[in-house]
Structure formats: C-alpha cells, structure tokens
>>> print(open('final.cif').read())   # mmCIF, C-alpha atoms, pLDDT in the B column; chains and numbers go by the auth columns
data_work
loop_
_atom_site.group_PDB
_atom_site.id
_atom_site.type_symbol
_atom_site.label_atom_id
_atom_site.label_comp_id
_atom_site.label_asym_id
_atom_site.label_seq_id
_atom_site.Cartn_x
_atom_site.Cartn_y
_atom_site.Cartn_z
_atom_site.B_iso_or_equiv
_atom_site.auth_seq_id
_atom_site.auth_asym_id
ATOM 1 C CA MET A 1 0.000 0.000 0.000 54.00 1 A
ATOM 2 C CA GLY A 2 3.019 2.289 0.603 72.00 2 A
ATOM 3 C CA CYS A 3 4.024 1.976 -3.060 81.00 3 A
ATOM 4 C CA PHE A 4 0.408 2.460 -4.148 79.00 4 A
ATOM 5 C CA GLY A 5 0.116 5.629 -2.063 83.00 5 A
ATOM 6 C CA PHE A 6 3.405 6.941 -3.442 84.00 6 A
ATOM 7 C CA LEU A 7 2.233 6.386 -7.023 85.00 7 A
ATOM 8 C CA LYS A 8 -1.050 8.174 -6.259 86.00 8 A
ATOM 9 C CA SER A 9 0.827 11.150 -4.803 86.00 9 A
ATOM 10 C CA MET A 10 3.215 11.351 -7.740 86.00 10 A
ATOM 11 C CA MET A 11 0.318 11.056 -10.181 88.00 11 A
ATOM 12 C CA PHE A 12 -1.468 13.911 -8.420 88.00 12 A
ATOM 13 C CA LEU A 13 1.633 16.147 -8.332 88.00 13 A
ATOM 14 C CA PHE A 14 2.621 15.455 -11.935 86.00 14 A
ATOM 15 C CA ASN A 15 -0.847 16.124 -13.280 88.00 15 A
ATOM 16 C CA GLY A 16 -1.289 19.161 -11.082 88.00 16 A
ATOM 17 C CA ILE A 17 1.700 20.696 -12.908 88.00 17 A
ATOM 18 C CA ILE A 18 0.169 19.681 -16.251 88.00 18 A
ATOM 19 C CA PHE A 19 -3.121 21.301 -15.238 89.00 19 A
ATOM 20 C CA LEU A 20 -1.424 24.600 -14.357 90.00 20 A
ATOM 21 C CA ALA A 21 0.637 24.544 -17.565 89.00 21 A
ATOM 22 C CA GLY A 22 -2.526 23.906 -19.559 88.00 22 A
ATOM 23 C CA ALA A 23 -4.255 26.850 -17.903 91.00 23 A
ATOM 24 C CA ALA A 24 -1.309 29.120 -18.756 90.00 24 A
ATOM 25 C CA ILE A 25 -1.148 27.986 -22.409 87.00 25 A
ATOM 26 C CA LEU A 26 -4.912 28.311 -22.761 88.00 26 A
ATOM 27 C CA GLY A 27 -4.710 31.858 -21.418 86.00 27 A
ATOM 28 C CA VAL A 28 -1.963 32.769 -23.901 80.00 28 A
ATOM 29 C CA GLY A 29 -3.981 31.245 -26.764 79.00 29 A
ATOM 30 C CA ILE A 30 -7.053 33.270 -25.860 82.00 30 A
ATOM 31 C CA TRP A 31 -4.911 36.414 -25.623 74.00 31 A
ATOM 32 C CA VAL A 32 -3.407 35.760 -29.082 67.00 32 A
ATOM 33 C CA LYS A 33 -6.879 35.456 -30.616 71.00 33 A
ATOM 34 C CA VAL A 34 -8.168 38.566 -28.854 71.00 34 A
ATOM 35 C CA ASP A 35 -5.109 40.695 -29.716 63.00 35 A
ATOM 36 C CA SER A 36 -3.346 39.216 -32.748 57.00 36 A
ATOM 37 C CA GLY A 37 -0.611 41.839 -32.738 55.00 37 A
ATOM 38 C CA SER A 38 2.106 42.668 -35.236 54.00 38 A
ATOM 39 C CA VAL A 39 2.864 39.081 -36.270 51.00 39 A
ATOM 40 C CA LEU A 40 -0.569 38.481 -37.749 53.00 40 A
ATOM 41 C CA SER A 41 -0.603 41.946 -39.310 58.00 41 A
ATOM 42 C CA PHE A 42 2.698 41.172 -41.012 57.00 42 A
ATOM 43 C CA LEU A 43 1.536 37.820 -42.338 55.00 43 A
ATOM 44 C CA GLN A 44 -1.730 39.237 -43.587 53.00 44 A
ATOM 45 C CA SER A 45 0.035 42.111 -45.363 56.00 45 A
ATOM 46 C CA THR A 46 2.485 39.869 -47.231 54.00 46 A
ATOM 47 C CA GLN A 47 1.127 39.771 -50.772 53.00 47 A
ATOM 48 C CA GLY A 48 1.448 36.617 -52.843 51.00 48 A
ATOM 49 C CA ALA A 49 2.684 34.459 -49.979 47.00 49 A
ATOM 50 C CA PRO A 50 2.108 30.678 -50.305 45.00 50 A
ATOM 51 C CA GLY A 51 -1.324 29.488 -49.207 43.00 51 A
ATOM 52 C CA GLU A 52 0.240 27.216 -46.604 42.00 52 A
ATOM 53 C CA LEU A 53 1.434 30.311 -44.734 46.00 53 A
ATOM 54 C CA GLY A 54 -2.152 31.023 -43.710 45.00 54 A
ATOM 55 C CA GLN A 55 -1.958 28.132 -41.272 47.00 55 A
ATOM 56 C CA VAL A 56 0.346 30.279 -39.114 50.00 56 A
ATOM 57 C CA LEU A 57 -2.633 32.540 -38.437 52.00 57 A
ATOM 58 C CA ASN A 58 -4.191 29.682 -36.489 60.00 58 A
ATOM 59 C CA VAL A 59 -1.469 29.705 -33.815 69.00 59 A
ATOM 60 C CA GLY A 60 -3.990 31.012 -31.298 73.00 60 A
ATOM 61 C CA TYR A 61 -6.318 28.104 -32.000 80.00 61 A
ATOM 62 C CA LEU A 62 -3.374 25.713 -31.632 81.00 62 A
ATOM 63 C CA LEU A 63 -2.487 27.130 -28.222 83.00 63 A
ATOM 64 C CA ILE A 64 -6.111 26.964 -27.125 87.00 64 A
ATOM 65 C CA ALA A 65 -6.346 23.334 -28.272 87.00 65 A
ATOM 66 C CA VAL A 66 -3.080 22.349 -26.557 86.00 66 A
ATOM 67 C CA GLY A 67 -4.050 24.181 -23.376 89.00 67 A
ATOM 68 C CA ALA A 68 -7.493 22.537 -23.316 90.00 68 A
ATOM 69 C CA VAL A 69 -5.982 19.064 -23.801 87.00 69 A
ATOM 70 C CA LEU A 70 -3.487 19.656 -20.988 88.00 70 A
ATOM 71 C CA LEU A 71 -6.276 20.916 -18.721 91.00 71 A
ATOM 72 C CA ILE A 72 -8.325 17.786 -19.401 90.00 72 A
ATOM 73 C CA LEU A 73 -5.292 15.547 -18.892 89.00 73 A
ATOM 74 C CA GLY A 74 -4.395 17.231 -15.623 90.00 74 A
ATOM 75 C CA PHE A 75 -7.967 16.971 -14.367 91.00 75 A
ATOM 76 C CA LEU A 76 -8.323 13.293 -15.305 90.00 76 A
ATOM 77 C CA GLY A 77 -4.946 12.404 -13.825 89.00 77 A
ATOM 78 C CA CYS A 78 -5.466 14.265 -10.546 90.00 78 A
ATOM 79 C CA CYS A 79 -9.054 13.171 -9.963 89.00 79 A
ATOM 80 C CA GLY A 80 -8.447 9.661 -11.253 88.00 80 A
ATOM 81 C CA ALA A 81 -5.627 9.142 -8.763 87.00 81 A
ATOM 82 C CA ILE A 82 -7.258 10.803 -5.735 88.00 82 A
ATOM 83 C CA LYS A 83 -10.768 9.428 -6.342 87.00 83 A
ATOM 84 C CA GLU A 84 -9.355 6.075 -7.497 86.00 84 A
ATOM 85 C CA SER A 85 -11.562 6.271 -10.584 88.00 85 A
ATOM 86 C CA ARG A 86 -10.698 3.585 -13.128 89.00 86 A
ATOM 87 C CA CYS A 87 -12.723 5.368 -15.795 91.00 87 A
ATOM 88 C CA MET A 88 -10.719 8.586 -15.429 91.00 88 A
ATOM 89 C CA LEU A 89 -7.420 6.717 -15.361 90.00 89 A
ATOM 90 C CA LEU A 90 -8.333 4.802 -18.512 92.00 90 A
ATOM 91 C CA LEU A 91 -9.320 8.025 -20.306 92.00 91 A
ATOM 92 C CA PHE A 92 -6.036 9.569 -19.164 91.00 92 A
ATOM 93 C CA PHE A 93 -4.092 6.595 -20.573 92.00 93 A
ATOM 94 C CA ILE A 94 -5.957 6.709 -23.911 92.00 94 A
ATOM 95 C CA ILE A 95 -5.378 10.452 -24.387 89.00 95 A
ATOM 96 C CA ILE A 96 -1.662 10.158 -23.546 90.00 96 A
ATOM 97 C CA LEU A 97 -1.363 7.215 -25.932 91.00 97 A
ATOM 98 C CA ILE A 98 -3.023 9.182 -28.765 90.00 98 A
ATOM 99 C CA VAL A 99 -0.748 12.171 -28.129 86.00 99 A
ATOM 100 C CA PHE A 100 2.319 9.907 -28.043 89.00 100 A
ATOM 101 C CA ILE A 101 1.398 8.255 -31.358 91.00 101 A
ATOM 102 C CA ALA A 102 0.716 11.676 -32.931 88.00 102 A
ATOM 103 C CA GLU A 103 4.120 12.959 -31.772 84.00 103 A
ATOM 104 C CA VAL A 104 5.929 9.946 -33.230 86.00 104 A
ATOM 105 C CA ALA A 105 4.047 10.342 -36.515 87.00 105 A
ATOM 106 C CA GLY A 106 4.793 14.081 -36.555 82.00 106 A
ATOM 107 C CA ALA A 107 8.506 13.485 -35.976 81.00 107 A
ATOM 108 C CA ILE A 108 8.611 11.010 -38.864 84.00 108 A
ATOM 109 C CA VAL A 109 6.776 13.429 -41.177 79.00 109 A
ATOM 110 C CA LEU A 110 9.120 16.264 -40.138 74.00 110 A
ATOM 111 C CA LEU A 111 12.195 14.205 -40.954 78.00 111 A
ATOM 112 C CA VAL A 112 10.799 13.029 -44.283 79.00 112 A
ATOM 113 C CA PHE A 113 9.501 16.415 -45.463 76.00 113 A
ATOM 114 C CA LYS A 114 12.230 18.655 -44.027 72.00 114 A
ATOM 115 C CA PRO A 115 13.657 19.520 -47.499 75.00 115 A
ATOM 116 C CA GLN A 116 10.168 20.449 -48.752 74.00 116 A
ATOM 117 C CA ALA A 117 9.634 22.716 -45.737 71.00 117 A
ATOM 118 C CA GLU A 118 12.920 24.530 -46.417 73.00 118 A
ATOM 119 C CA ASN A 119 11.971 24.983 -50.077 76.00 119 A
ATOM 120 C CA LEU A 120 8.590 26.436 -49.067 75.00 120 A
ATOM 121 C CA ILE A 121 10.291 28.981 -46.813 75.00 121 A
ATOM 122 C CA LYS A 122 12.734 29.912 -49.581 75.00 122 A
ATOM 123 C CA GLN A 123 9.846 30.398 -52.022 77.00 123 A
ATOM 124 C CA MET A 124 8.166 32.647 -49.491 81.00 124 A
ATOM 125 C CA GLY A 125 11.403 34.596 -49.151 82.00 125 A
ATOM 126 C CA GLY A 126 10.832 36.571 -52.368 84.00 126 A
ATOM 127 C CA GLU A 127 7.549 37.962 -51.089 86.00 127 A
ATOM 128 C CA VAL A 128 9.058 38.668 -47.678 88.00 128 A
ATOM 129 C CA VAL A 129 11.840 40.680 -49.333 90.00 129 A
ATOM 130 C CA LYS A 130 9.230 42.672 -51.282 90.00 130 A
ATOM 131 C CA SER A 131 7.448 43.410 -48.006 89.00 131 A
ATOM 132 C CA ILE A 132 10.720 44.571 -46.430 90.00 132 A
ATOM 133 C CA ARG A 133 11.501 46.918 -49.305 91.00 133 A
ATOM 134 C CA ASN A 134 8.007 48.382 -49.468 91.00 134 A
ATOM 135 C CA ASP A 135 6.920 48.486 -45.818 89.00 135 A
ATOM 136 C CA TYR A 136 9.961 48.520 -43.503 91.00 136 A
ATOM 137 C CA GLY A 137 10.117 51.984 -41.970 88.00 137 A
ATOM 138 C CA LYS A 138 6.593 52.755 -43.221 88.00 138 A
ATOM 139 C CA ASN A 139 4.428 50.153 -41.469 86.00 139 A
ATOM 140 C CA LYS A 140 5.100 50.235 -37.720 83.00 140 A
ATOM 141 C CA ASP A 141 3.945 46.647 -37.163 81.00 141 A
ATOM 142 C CA ILE A 142 6.263 45.223 -39.806 85.00 142 A
ATOM 143 C CA THR A 143 9.108 47.495 -38.711 87.00 143 A
ATOM 144 C CA GLY A 144 8.705 46.459 -35.075 84.00 144 A
ATOM 145 C CA LEU A 145 8.512 42.775 -35.961 84.00 145 A
ATOM 146 C CA TRP A 146 11.679 42.896 -38.056 90.00 146 A
ATOM 147 C CA ASN A 147 13.554 44.970 -35.476 88.00 147 A
ATOM 148 C CA THR A 148 12.702 42.446 -32.772 86.00 148 A
ATOM 149 C CA THR A 149 13.627 39.492 -35.008 88.00 149 A
ATOM 150 C CA MET A 150 16.922 41.010 -36.170 90.00 150 A
ATOM 151 C CA THR A 151 17.925 42.048 -32.656 88.00 151 A
ATOM 152 C CA THR A 152 17.074 38.642 -31.172 87.00 152 A
ATOM 153 C CA LEU A 153 18.755 36.544 -33.872 87.00 153 A
ATOM 154 C CA LYS A 154 21.531 39.093 -34.560 89.00 154 A
ATOM 155 C CA CYS A 155 20.685 39.049 -38.252 91.00 155 A
ATOM 156 C CA CYS A 156 19.821 41.421 -41.088 91.00 156 A
ATOM 157 C CA GLY A 157 16.937 40.995 -43.549 90.00 157 A
ATOM 158 C CA PHE A 158 15.585 37.657 -44.731 91.00 158 A
ATOM 159 C CA ASN A 159 18.584 36.595 -46.835 90.00 159 A
ATOM 160 C CA ASN A 160 21.109 39.353 -45.988 89.00 160 A
ATOM 161 C CA TYR A 161 21.515 43.136 -45.969 88.00 161 A
ATOM 162 C CA THR A 162 20.780 43.402 -49.723 89.00 162 A
ATOM 163 C CA ASP A 163 17.095 42.811 -48.914 91.00 163 A
ATOM 164 C CA PHE A 164 17.056 46.470 -47.805 90.00 164 A
ATOM 165 C CA THR A 165 18.776 47.787 -50.943 86.00 165 A
ATOM 166 C CA ASP A 166 16.531 50.296 -52.767 85.00 166 A
ATOM 167 C CA SER A 167 13.971 49.926 -49.989 89.00 167 A
ATOM 168 C CA TYR A 168 11.683 52.666 -48.698 91.00 168 A
ATOM 169 C CA PHE A 169 13.756 52.843 -45.508 90.00 169 A
ATOM 170 C CA VAL A 170 17.151 53.187 -47.225 88.00 170 A
ATOM 171 C CA LYS A 171 15.874 55.740 -49.746 89.00 171 A
ATOM 172 C CA ASN A 172 14.441 57.938 -46.992 89.00 172 A
ATOM 173 C CA THR A 173 17.204 57.617 -44.408 87.00 173 A
ATOM 174 C CA SER A 174 20.291 56.864 -46.563 86.00 174 A
ATOM 175 C CA SER A 175 21.121 54.174 -44.038 87.00 175 A
ATOM 176 C CA TYR A 176 20.475 50.539 -43.253 89.00 176 A
ATOM 177 C CA PRO A 177 18.897 49.264 -40.005 89.00 177 A
ATOM 178 C CA ASP A 178 21.379 49.395 -37.122 86.00 178 A
ATOM 179 C CA GLN A 179 21.210 45.599 -36.815 88.00 179 A
ATOM 180 C CA CYS A 180 22.858 45.304 -40.262 88.00 180 A
ATOM 181 C CA CYS A 181 26.120 46.914 -39.147 85.00 181 A
ATOM 182 C CA ASN A 182 28.790 46.441 -36.547 79.00 182 A
ATOM 183 C CA ARG A 183 28.866 50.217 -36.253 76.00 183 A
ATOM 184 C CA VAL A 184 26.090 52.716 -35.516 72.00 184 A
ATOM 185 C CA PRO A 185 24.721 54.600 -37.376 74.00 185 A
ATOM 186 C CA CYS A 186 24.627 52.191 -40.303 80.00 186 A
ATOM 187 C CA ILE A 187 25.129 54.772 -43.057 78.00 187 A
ATOM 188 C CA LYS A 188 24.838 53.713 -46.689 73.00 188 A
ATOM 189 C CA ASP A 189 27.840 54.422 -48.907 68.00 189 A
ATOM 190 C CA THR A 190 29.213 53.150 -52.200 54.00 190 A
ATOM 191 C CA ALA A 191 31.484 50.673 -50.431 53.00 191 A
ATOM 192 C CA PHE A 192 28.828 49.414 -48.029 68.00 192 A
ATOM 193 C CA ASN A 193 29.074 45.715 -47.274 74.00 193 A
ATOM 194 C CA SER A 194 27.736 43.837 -44.270 78.00 194 A
ATOM 195 C CA THR A 195 28.868 40.491 -42.907 84.00 195 A
ATOM 196 C CA ILE A 196 25.764 40.158 -40.705 89.00 196 A
ATOM 197 C CA PRO A 197 23.878 36.996 -41.805 90.00 197 A
ATOM 198 C CA GLY A 198 20.248 36.969 -42.948 90.00 198 A
ATOM 199 C CA CYS A 199 17.543 35.928 -40.513 91.00 199 A
ATOM 200 C CA PHE A 200 16.582 32.760 -42.407 89.00 200 A
ATOM 201 C CA PRO A 201 20.175 31.416 -42.443 89.00 201 A
ATOM 202 C CA ALA A 202 20.585 32.541 -38.822 89.00 202 A
ATOM 203 C CA LEU A 203 17.398 30.752 -37.720 87.00 203 A
ATOM 204 C CA LYS A 204 18.393 27.606 -39.637 85.00 204 A
ATOM 205 C CA LYS A 205 21.836 27.686 -38.010 88.00 205 A
ATOM 206 C CA LEU A 206 20.266 28.188 -34.567 87.00 206 A
ATOM 207 C CA VAL A 207 18.083 25.102 -35.026 82.00 207 A
ATOM 208 C CA ASP A 208 20.987 23.044 -36.392 84.00 208 A
ATOM 209 C CA ASP A 209 23.308 24.128 -33.561 87.00 209 A
ATOM 210 C CA ASN A 210 20.695 23.225 -30.935 86.00 210 A
ATOM 211 C CA ALA A 211 19.496 20.034 -32.605 82.00 211 A
ATOM 212 C CA VAL A 212 20.881 17.897 -29.774 86.00 212 A
ATOM 213 C CA ILE A 213 19.012 19.938 -27.149 88.00 213 A
ATOM 214 C CA ILE A 214 15.786 19.841 -29.171 82.00 214 A
ATOM 215 C CA ILE A 215 16.063 16.072 -29.596 85.00 215 A
ATOM 216 C CA ALA A 216 16.883 15.631 -25.899 88.00 216 A
ATOM 217 C CA VAL A 217 13.822 17.663 -24.872 87.00 217 A
ATOM 218 C CA ALA A 218 11.626 15.672 -27.260 84.00 218 A
ATOM 219 C CA LEU A 219 12.959 12.376 -25.882 88.00 219 A
ATOM 220 C CA GLY A 220 12.450 13.637 -22.326 88.00 220 A
ATOM 221 C CA ILE A 221 8.817 14.454 -23.077 86.00 221 A
ATOM 222 C CA ALA A 222 8.359 11.016 -24.668 87.00 222 A
ATOM 223 C CA VAL A 223 9.819 9.321 -21.578 89.00 223 A
ATOM 224 C CA LEU A 224 7.504 11.310 -19.288 87.00 224 A
ATOM 225 C CA GLU A 225 4.529 10.263 -21.399 86.00 225 A
ATOM 226 C CA LEU A 226 5.568 6.611 -21.237 90.00 226 A
ATOM 227 C CA VAL A 227 6.010 6.831 -17.457 89.00 227 A
ATOM 228 C CA ALA A 228 2.604 8.507 -17.120 88.00 228 A
ATOM 229 C CA MET A 229 0.974 5.708 -19.140 89.00 229 A
ATOM 230 C CA ILE A 230 2.707 3.016 -17.095 90.00 230 A
ATOM 231 C CA VAL A 231 1.760 4.595 -13.752 90.00 231 A
ATOM 232 C CA SER A 232 -1.850 5.133 -14.820 90.00 232 A
ATOM 233 C CA MET A 233 -2.126 1.484 -15.880 90.00 233 A
ATOM 234 C CA ILE A 234 -0.584 0.286 -12.596 89.00 234 A
ATOM 235 C CA LEU A 235 -3.106 2.352 -10.632 89.00 235 A
ATOM 236 C CA TYR A 236 -5.914 1.181 -12.911 89.00 236 A
ATOM 237 C CA CYS A 237 -5.030 -2.473 -12.344 88.00 237 A
ATOM 238 C CA ARG A 238 -4.447 -2.107 -8.588 86.00 238 A
ATOM 239 C CA ILE A 239 -7.779 -0.311 -8.112 85.00 239 A
ATOM 240 C CA GLY A 240 -9.465 -3.046 -10.127 79.00 240 A
ATOM 241 C CA SER A 241 -7.916 -5.779 -7.971 79.00 241 A
ATOM 242 C CA LYS A 242 -9.192 -4.039 -4.811 71.00 242 A
ATOM 243 C CA ALA A 243 -12.770 -3.891 -6.101 58.00 243 A
#
>>> encode(input="final.cif", output="structure tokens")
Amino acid sequence: MGCFGFLKSMMFLFNGIIFLAGAAILGVGIWVKVDSGSVLSFLQSTQGAPGELGQVLNVGYLLIAVGAVLLILGFLGCCGAIKESRCMLLLFFIIILIVFIAEVAGAIVLLVFKPQAENLIKQMGGEVVKSIRNDYGKNKDITGLWNTTMTTLKCCGFNNYTDFTDSYFVKNTSSYPDQCCNRVPCIKDTAFNSTIPGCFPALKKLVDDNAVIIIAVALGIAVLELVAMIVSMILYCRIGSKA
C-alpha cells in the first residue's frame, strides 16, 4: 500500500503541474486570438505568400487546443488518482497514448519532409523581401517585428543586408537598419558591405546548432509520457484488484 500511495501522490503532483501549464497555455492562446498583434498583421500584409502560410494565423487556435488538452489531462490524472476512478485513469491513458502516437508520426513526417519545408520557406522569401523593401520603416507593425527578429537573432533581412537595398527605408534615411552593421549609425555608402547573416540562415543555423538539445527535450517528453501511461495502468489495475 506504501508503493500504491506513493504512485497516487506522484500522479497527483505530476498532473497538477500539467493542469497549471494547460491553464497558462490556454490563457496565452485566448490572448493571441483577442489581440493578434504585429505578427498576424505582417503575415496578412504579405502579398502573394504561399497558401500554406495562412496556417500560421491559427497559432492562437493551436495554443487553445493544446491548453485545453493539458487541462483535461491534468484533471483526469489528478481526480483519477485521488478518487481512485478507473474510468478517469483509462481516459487519461488513452489520451496520452493518442498524443504519443501523434508525436511519433509528426517526428517522422518532419524528418521526411524537411527539405520540402525549407523549399517552401525559400519560395516565401521573395515575397518577404518585397514586403521589407516596401513596408519597412513605413508600417510600424512590420518594422517592429523585423527589429525584434533582427535584434534577437543578430541578423539582417531575410537573406542578408541586400534585402534592404533600394527599400523605402534606405531611400528615406540613406542608411540601413542598425542591426545590419557592426557600427552605428549604419550609413549607406558606395562601399557598403555587411557580414551580418540573414535571418533565415541565422534561424536555420540556430536550429541546427541546438538540434541535440531539441532532440533531448523531445525524448524527455516522450519518456515522461511513457512513465505517465505506465503509472496510470498500474493504478488502474491495482484499483481493479481491490474492487
């Protein structure tokens, strides 16, 4: 009974954390849908972008869905363990199993279609560059989004600094964004040349450099899901044997 009680306590604690995380994610998702912000404005203003890009606009719905699932999981796990409800524990196991299978399938699809995803982003790059040249420095949402992106990733433009050549911003200020230079102000001259990488190459390099960490986190989540399924089944069987 000591082991059984320990498993119940751990199940309650683990799912309590899941419940709180779900509530936080759900709150963020609702906030994103209520106040879309500069990201959605930028995506909506990009003319001629691939149709698949529209799926990004549903990020708020994704967060709401993930948050709701985590809330349900946390509730089923906590109540199933404390109330010793076999029905709740079985539902908890089934949902975790479905999520686990979906994650494995998603990982396989990501590995198989990674080249296609990169090609899609590159195709979108032409329209993004047009948006930079026409709207950077004119549209405050797009300007703010790019400034934040370039500052965070320490990059310049989508491909490189030439994305700003002949742009509205350069024509009106005779300078490039400060993020494109190692010196400030970033004044345009005939010999101007920047070694700052573009944001797409910088993002790709960031993912590649942290691939081990990303894989480790994914494996850690998978292990937690397996442990949760095992514990829920142990409790389910022990409760059944007591009945």
>>> closest_residue(input="final.cif", among="A:Val184, A:Cys199, A:Met233, A:Cys155", to="Ile121 of chain A", atoms="all atoms listed in the file")
A:Cys199
>>> closest_residue(input="final.cif", among="A:Asn172, A:Thr165, A:Thr152, A:Asn119", to="Arg133 of chain A", atoms="only C-alpha atoms")
A:Thr165
>>> residues_around(input="final.cif", residues="segment 227-230 of chain A", least_positions_apart="4", cutoff="9 Å", atoms="all atoms listed in the file", output="JSON, numbers by chain")
{"A": [11, 14, 92, 93, 94, 96, 97, 222, 223, 234, 235]}
>>> residues_around(input="final.cif", residues="segment 17-19 of chain A", least_positions_apart="4", cutoff="12 Å", atoms="only C-alpha atoms", output="VMD selection string")
chain A and resid 10 to 13 23 to 26 66 to 79 224 to 225 228
>>> write_last_selection(input="final.cif", atoms="C-alpha atoms", output="PDB file, in the frame of the given file")
ATOM      1  CA  MET A  10       3.215  11.351  -7.740  1.00 86.00           C
ATOM      2  CA  MET A  11       0.318  11.056 -10.181  1.00 88.00           C
ATOM      3  CA  PHE A  12      -1.468  13.911  -8.420  1.00 88.00           C
ATOM      4  CA  LEU A  13       1.633  16.147  -8.332  1.00 88.00           C
ATOM      5  CA  ALA A  23      -4.255  26.850 -17.903  1.00 91.00           C
ATOM      6  CA  ALA A  24      -1.309  29.120 -18.756  1.00 90.00           C
ATOM      7  CA  ILE A  25      -1.148  27.986 -22.409  1.00 87.00           C
ATOM      8  CA  LEU A  26      -4.912  28.311 -22.761  1.00 88.00           C
ATOM      9  CA  VAL A  66      -3.080  22.349 -26.557  1.00 86.00           C
ATOM     10  CA  GLY A  67      -4.050  24.181 -23.376  1.00 89.00           C
ATOM     11  CA  ALA A  68      -7.493  22.537 -23.316  1.00 90.00           C
ATOM     12  CA  VAL A  69      -5.982  19.064 -23.801  1.00 87.00           C
ATOM     13  CA  LEU A  70      -3.487  19.656 -20.988  1.00 88.00           C
ATOM     14  CA  LEU A  71      -6.276  20.916 -18.721  1.00 91.00           C
ATOM     15  CA  ILE A  72      -8.325  17.786 -19.401  1.00 90.00           C
ATOM     16  CA  LEU A  73      -5.292  15.547 -18.892  1.00 89.00           C
ATOM     17  CA  GLY A  74      -4.395  17.231 -15.623  1.00 90.00           C
ATOM     18  CA  PHE A  75      -7.967  16.971 -14.367  1.00 91.00           C
ATOM     19  CA  LEU A  76      -8.323  13.293 -15.305  1.00 90.00           C
ATOM     20  CA  GLY A  77      -4.946  12.404 -13.825  1.00 89.00           C
ATOM     21  CA  CYS A  78      -5.466  14.265 -10.546  1.00 90.00           C
ATOM     22  CA  CYS A  79      -9.054  13.171  -9.963  1.00 89.00           C
ATOM     23  CA  LEU A 224       7.504  11.310 -19.288  1.00 87.00           C
ATOM     24  CA  GLU A 225       4.529  10.263 -21.399  1.00 86.00           C
ATOM     25  CA  ALA A 228       2.604   8.507 -17.120  1.00 88.00           C
TER      26      ALA A 228
END
>>> atom_distance(input="final.cif", atom1="atom CA of Thr195 of chain A", atom2="atom CA of Cys156 of chain A")
9.3 Å
>>> atom_distance(input="final.cif", atom1="atom CA of Phe4 of chain A", atom2="atom CA of Ile101 of chain A")
27.8 Å
>>> closest_residue(input="final.cif", among="A:Trp31, A:Tyr61, A:Phe6, A:Phe100", to="Leu219 of chain A", atoms="only C-alpha atoms")
A:Phe100
>>> closest_residue(input="final.cif", among="A:Ile187, A:Ile239, A:Ala21, A:Ala102", to="Ile82 of chain A", atoms="only C-alpha atoms")
A:Ile239
>>> atom_distance(input="final.cif", atom1="atom CA of Ile64 of chain A", atom2="atom CA of Thr149 of chain A")
24.7 Å
>>> closest_residue(input="final.cif", among="A:Leu20, A:Lys154, A:Leu89, A:Ser9", to="Leu206 of chain A", atoms="only C-alpha atoms")
A:Lys154
>>> closest_residue(input="final.cif", among="A:Ile221, A:Ile213, A:Ala65, A:Cys237", to="Gly22 of chain A", atoms="all atoms listed in the file")
A:Ala65
>>> residues_near_point(input="final.cif", point="(12.8, 44.1, -37.6)", cutoff="12 Å", atoms="all atoms listed in the file", output="PyMOL selection string")
chain A and resi 38-39+42+131-132+135-137+139-158+164+169+176-180+198-199
>>> axis_aligned_box(input="final.cif", around="segment 60-75 of chain A", padding_each_side="3 Å", output="lines of an AutoDock Vina configuration file")
center_x = -5.4
center_y = 23.3
center_z = -23.2
size_x = 11.8
size_y = 21.5
size_z = 23.6
>>> decode(input="final.cif", residues="segment 102-148 of chain A", atoms="C-alpha atoms", output="mmCIF file, in the first residue's frame")
data_model
loop_
_atom_site.group_PDB
_atom_site.id
_atom_site.type_symbol
_atom_site.label_atom_id
_atom_site.label_comp_id
_atom_site.auth_asym_id
_atom_site.auth_seq_id
_atom_site.Cartn_x
_atom_site.Cartn_y
_atom_site.Cartn_z
ATOM 1 C CA ALA A 102 0.716 11.676 -32.931
ATOM 2 C CA GLU A 103 4.120 12.959 -31.772
ATOM 3 C CA VAL A 104 5.929 9.946 -33.230
ATOM 4 C CA ALA A 105 4.047 10.342 -36.515
ATOM 5 C CA GLY A 106 4.793 14.081 -36.555
ATOM 6 C CA ALA A 107 8.506 13.485 -35.976
ATOM 7 C CA ILE A 108 8.611 11.010 -38.864
ATOM 8 C CA VAL A 109 6.776 13.429 -41.177
ATOM 9 C CA LEU A 110 9.120 16.264 -40.138
ATOM 10 C CA LEU A 111 12.195 14.205 -40.954
ATOM 11 C CA VAL A 112 10.799 13.029 -44.283
ATOM 12 C CA PHE A 113 9.501 16.415 -45.463
ATOM 13 C CA LYS A 114 12.230 18.655 -44.027
ATOM 14 C CA PRO A 115 13.657 19.520 -47.499
ATOM 15 C CA GLN A 116 10.168 20.449 -48.752
ATOM 16 C CA ALA A 117 9.634 22.716 -45.737
ATOM 17 C CA GLU A 118 12.920 24.530 -46.417
ATOM 18 C CA ASN A 119 11.971 24.983 -50.077
ATOM 19 C CA LEU A 120 8.590 26.436 -49.067
ATOM 20 C CA ILE A 121 10.291 28.981 -46.813
ATOM 21 C CA LYS A 122 12.734 29.912 -49.581
ATOM 22 C CA GLN A 123 9.846 30.398 -52.022
ATOM 23 C CA MET A 124 8.166 32.647 -49.491
ATOM 24 C CA GLY A 125 11.403 34.596 -49.151
ATOM 25 C CA GLY A 126 10.832 36.571 -52.368
ATOM 26 C CA GLU A 127 7.549 37.962 -51.089
ATOM 27 C CA VAL A 128 9.058 38.668 -47.678
ATOM 28 C CA VAL A 129 11.840 40.680 -49.333
ATOM 29 C CA LYS A 130 9.230 42.672 -51.282
ATOM 30 C CA SER A 131 7.448 43.410 -48.006
ATOM 31 C CA ILE A 132 10.720 44.571 -46.430
ATOM 32 C CA ARG A 133 11.501 46.918 -49.305
ATOM 33 C CA ASN A 134 8.007 48.382 -49.468
ATOM 34 C CA ASP A 135 6.920 48.486 -45.818
ATOM 35 C CA TYR A 136 9.961 48.520 -43.503
ATOM 36 C CA GLY A 137 10.117 51.984 -41.970
ATOM 37 C CA LYS A 138 6.593 52.755 -43.221
ATOM 38 C CA ASN A 139 4.428 50.153 -41.469
ATOM 39 C CA LYS A 140 5.100 50.235 -37.720
ATOM 40 C CA ASP A 141 3.945 46.647 -37.163
ATOM 41 C CA ILE A 142 6.263 45.223 -39.806
ATOM 42 C CA THR A 143 9.108 47.495 -38.711
ATOM 43 C CA GLY A 144 8.705 46.459 -35.075
ATOM 44 C CA LEU A 145 8.512 42.775 -35.961
ATOM 45 C CA TRP A 146 11.679 42.896 -38.056
ATOM 46 C CA ASN A 147 13.554 44.970 -35.476
ATOM 47 C CA THR A 148 12.702 42.446 -32.772
#
